[in-house]
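To start, the structure under review is shown below, and the notes come after it.
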Amino acid sequence: MGLLAVIRIRGTVNMNSKEETALKILRLHKRNHAVLITDTPQMIGILKTAWKYITWGEIDKTTLQLLLIKRGRKIGNKPLTENDVKNLGFNGFEDL
């Protein structure tokens with residue numbers, strides 16, 4: 001199982017309730033927001049439900065590092081730091 005990056009690319013115009021529920025499950029509330037999910041059959045089913053509003057693909061290690069360094073946030077909307085990564089059990093962003 002890999003890690004997938006999912007990005008919302010459209011708004012809520014002409015959205016039915018199944019698609020809206022799928023986006024809520026994925027925690028994609030606004031356009032241009034991204035989430036990381038595991039590549040499981042259940043999650044693929046949710047992605048296929050909301051395919052008109054999102055794009056997704058497998059994320060590589062380098063892209064994940066850059067994403068966390070630039071956009072990573074912790075609770076309270078504070079930036080993710082090197083110490084936060086070390087507290088998760090990694091030696092740094094490179095180990096992710």
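Residue numbering restarts at 1 for every chain of the structure tokens, chains are lettered A, B, ... in their displayed order, and ligands are numbered from 1 as they appear.
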
Closest pair table for segment 38-85 of chain A residues within 7 Å of segment 13-22 of chain A, only C-alpha atoms, as a tab-separated table:
residue	atom	partner	partner_atom	distance
A:Ile46	CA	A:Ala22	CA	5.7
A:Thr49	CA	A:Glu19	CA	6.0
A:Ala50	CA	A:Glu19	CA	5.0

Write the residues of the preceding selection, restricted to N, CA, C and O atoms, as a PDB file, in the first residue's frame.
ATOM      1  N   ILE A  46     -13.975   5.694  -2.556  1.00  0.00           N
ATOM      2  CA  ILE A  46     -14.378   7.059  -2.217  1.00  0.00           C
ATOM      3  C   ILE A  46     -13.846   8.041  -3.265  1.00  0.00           C
ATOM      4  O   ILE A  46     -14.543   8.960  -3.688  1.00  0.00           O
ATOM      5  N   THR A  49     -15.926   8.000  -6.329  1.00  0.00           N
ATOM      6  CA  THR A  49     -17.212   8.666  -6.143  1.00  0.00           C
ATOM      7  C   THR A  49     -17.098  10.166  -6.414  1.00  0.00           C
ATOM      8  O   THR A  49     -17.993  10.770  -6.996  1.00  0.00           O
ATOM      9  N   ALA A  50     -15.992  10.764  -6.015  1.00  0.00           N
ATOM     10  CA  ALA A  50     -15.812  12.219  -6.127  1.00  0.00           C
ATOM     11  C   ALA A  50     -14.862  12.595  -7.261  1.00  0.00           C
ATOM     12  O   ALA A  50     -14.281  13.674  -7.248  1.00  0.00           O
TER      13      ALA A  50
END

Which segment 30-54 of chain A residues have any atom within 12 Å of an atom of segment 66-71 of chain A, and for each, what is the nearest pair of atoms with distance in Å to one decimal, counting only C-alpha atoms, rows sorted by chain and number, as CSV?
residue,atom,partner,partner_atom,distance
A:His33,CA,A:Arg71,CA,10.4
A:Ala34,CA,A:Leu67,CA,9.7
A:Val35,CA,A:Leu67,CA,10.5
A:Leu36,CA,A:Leu67,CA,10.4

Discussion item. Between atom CA of Thr38 of chain A and atom CA of Asp84 of chain A, what is the distance in Å, rounded to a tenth?
Written reply: 21.4 Å

Discussion item. Please list as an MDAnalysis selection string every residue within 6 Å of Arg31 of chain A, counting only C-alpha atoms and excluding residues in the same chain fewer than 6 positions away.
Written reply: chainID A and resid 8:10

Mind dumping the selected residues with C-alpha atoms as a PDB file, in the first residue's frame?
ATOM      1  CA  ARG A   8      -9.635  19.178  -4.671  1.00  0.00           C
ATOM      2  CA  ILE A   9      -9.852  21.078  -7.946  1.00  0.00           C
ATOM      3  CA  ARG A  10     -13.510  22.154  -8.214  1.00  0.00           C
TER       4      ARG A  10
END

Practice prompt. Can you work out which one of A:Leu4, A:Leu23, A:Gly72, A:Glu82 has the shortest atom-to-atom distance to Ile59 of chain A, counting only C-alpha atoms?
Written response: A:Leu4

Practice prompt. Using DSSP on the backbone, list every residue of segment 31-94 of chain A that comes out as strand (DSSP E), and give them as a list of chain:residue names.
Written response: A:Ala34, A:Val35, A:Leu36, A:Ile37, A:Thr38, A:Ile54, A:Thr55, A:Trp56, A:Gly57, A:Glu58, A:Arg73, A:Lys74, A:Lys78, A:Pro79

Those same residues - all heavy atoms - I'd like them written as a compact mmCIF listing (two decimals), in the first residue's frame.
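Saved file out23.txt follows:
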# COMPACT_ATOMS: atom_id res chain seq x y z
N ALA A 34 -5.17 19.86 -0.18
CA ALA A 34 -4.64 18.52 -0.42
C ALA A 34 -4.65 17.72 0.87
O ALA A 34 -4.52 18.28 1.96
CB ALA A 34 -3.21 18.60 -0.95
N VAL A 35 -4.83 16.42 0.74
CA VAL A 35 -4.73 15.49 1.87
C VAL A 35 -3.92 14.28 1.41
O VAL A 35 -3.81 14.00 0.22
CB VAL A 35 -6.11 15.02 2.39
CG1 VAL A 35 -6.89 16.15 2.98
CG2 VAL A 35 -6.90 14.32 1.31
N LEU A 36 -3.35 13.58 2.38
CA LEU A 36 -2.62 12.35 2.12
C LEU A 36 -3.43 11.19 2.68
O LEU A 36 -3.87 11.24 3.82
CB LEU A 36 -1.25 12.39 2.78
CG LEU A 36 -0.33 13.52 2.32
CD1 LEU A 36 0.92 13.56 3.18
CD2 LEU A 36 0.03 13.37 0.86
N ILE A 37 -3.65 10.16 1.87
CA ILE A 37 -4.40 9.00 2.30
C ILE A 37 -3.65 7.74 1.90
O ILE A 37 -2.77 7.77 1.03
CB ILE A 37 -5.83 8.96 1.70
CG1 ILE A 37 -5.77 8.88 0.17
CG2 ILE A 37 -6.64 10.16 2.14
CD1 ILE A 37 -7.09 8.58 -0.47
N THR A 38 -3.98 6.62 2.55
CA THR A 38 -3.38 5.34 2.19
C THR A 38 -4.12 4.76 0.99
O THR A 38 -5.30 5.00 0.80
CB THR A 38 -3.42 4.35 3.36
OG1 THR A 38 -4.77 4.22 3.79
CG2 THR A 38 -2.55 4.83 4.50
N ILE A 54 -11.92 16.08 -7.81
CA ILE A 54 -10.59 15.88 -7.26
C ILE A 54 -9.65 15.29 -8.31
O ILE A 54 -10.08 14.83 -9.36
CB ILE A 54 -10.62 14.93 -6.04
CG1 ILE A 54 -11.18 13.56 -6.44
CG2 ILE A 54 -11.42 15.53 -4.90
CD1 ILE A 54 -11.13 12.51 -5.35
N THR A 55 -8.38 15.32 -7.98
CA THR A 55 -7.36 14.58 -8.71
C THR A 55 -6.47 13.92 -7.68
O THR A 55 -6.35 14.40 -6.55
CB THR A 55 -6.56 15.49 -9.66
OG1 THR A 55 -5.70 14.68 -10.46
CG2 THR A 55 -5.76 16.53 -8.91
N TRP A 56 -5.86 12.79 -8.04
CA TRP A 56 -5.02 12.09 -7.09
C TRP A 56 -3.94 11.31 -7.81
O TRP A 56 -4.01 11.05 -9.00
CB TRP A 56 -5.84 11.16 -6.20
CG TRP A 56 -6.41 9.95 -6.88
CD1 TRP A 56 -5.81 8.73 -7.02
CD2 TRP A 56 -7.69 9.83 -7.50
NE1 TRP A 56 -6.64 7.88 -7.69
CE2 TRP A 56 -7.81 8.52 -8.01
CE3 TRP A 56 -8.75 10.71 -7.69
CZ2 TRP A 56 -8.93 8.08 -8.67
CZ3 TRP A 56 -9.87 10.26 -8.36
CH2 TRP A 56 -9.96 8.96 -8.84
N GLY A 57 -2.91 10.97 -7.03
CA GLY A 57 -1.81 10.18 -7.55
C GLY A 57 -0.88 9.78 -6.42
O GLY A 57 -0.94 10.34 -5.32
N GLU A 58 -0.03 8.80 -6.69
CA GLU A 58 0.91 8.35 -5.69
C GLU A 58 1.97 9.42 -5.49
O GLU A 58 2.44 10.05 -6.43
CB GLU A 58 1.57 7.04 -6.13
CG GLU A 58 2.31 6.35 -5.02
CD GLU A 58 2.67 4.93 -5.37
OE1 GLU A 58 2.03 4.34 -6.25
OE2 GLU A 58 3.62 4.42 -4.75
N ARG A 73 1.13 21.57 8.69
CA ARG A 73 0.58 22.29 9.84
C ARG A 73 0.19 21.30 10.92
O ARG A 73 -0.18 20.17 10.65
CB ARG A 73 -0.69 23.05 9.43
CG ARG A 73 -0.46 24.13 8.42
CD ARG A 73 0.08 25.35 9.07
NE ARG A 73 0.21 26.42 8.10
CZ ARG A 73 1.13 27.35 8.19
NH1 ARG A 73 1.97 27.34 9.19
NH2 ARG A 73 1.21 28.29 7.30
N LYS A 74 0.28 21.74 12.14
CA LYS A 74 -0.21 20.94 13.26
C LYS A 74 -1.43 21.63 13.86
O LYS A 74 -1.83 22.71 13.39
CB LYS A 74 0.88 20.74 14.30
CG LYS A 74 1.52 21.99 14.83
CD LYS A 74 2.68 21.67 15.73
CE LYS A 74 3.34 22.95 16.19
NZ LYS A 74 4.45 22.70 17.08
N LYS A 78 -0.33 25.92 13.39
CA LYS A 78 1.07 26.29 13.54
C LYS A 78 1.91 25.47 12.57
O LYS A 78 1.60 24.31 12.30
CB LYS A 78 1.52 26.03 14.98
CG LYS A 78 0.79 26.90 15.99
CD LYS A 78 1.21 26.58 17.39
CE LYS A 78 0.40 27.44 18.35
NZ LYS A 78 0.63 27.08 19.73
N PRO A 79 2.98 26.06 12.03
CA PRO A 79 3.80 25.33 11.05
C PRO A 79 4.45 24.09 11.66
O PRO A 79 4.81 24.08 12.84
CB PRO A 79 4.86 26.33 10.63
CG PRO A 79 4.54 27.61 11.27
CD PRO A 79 3.45 27.40 12.26

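From atom CA of Lys48 of chain A back to atom CA of Lys30 of chain A, the distance works out to 18.4 Å.
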
Worksheet, complete the sentence: Taken to one decimal, the atom CA of Gln65 of chain A-atom CA of Thr40 of chain A distance is 22.1 Å
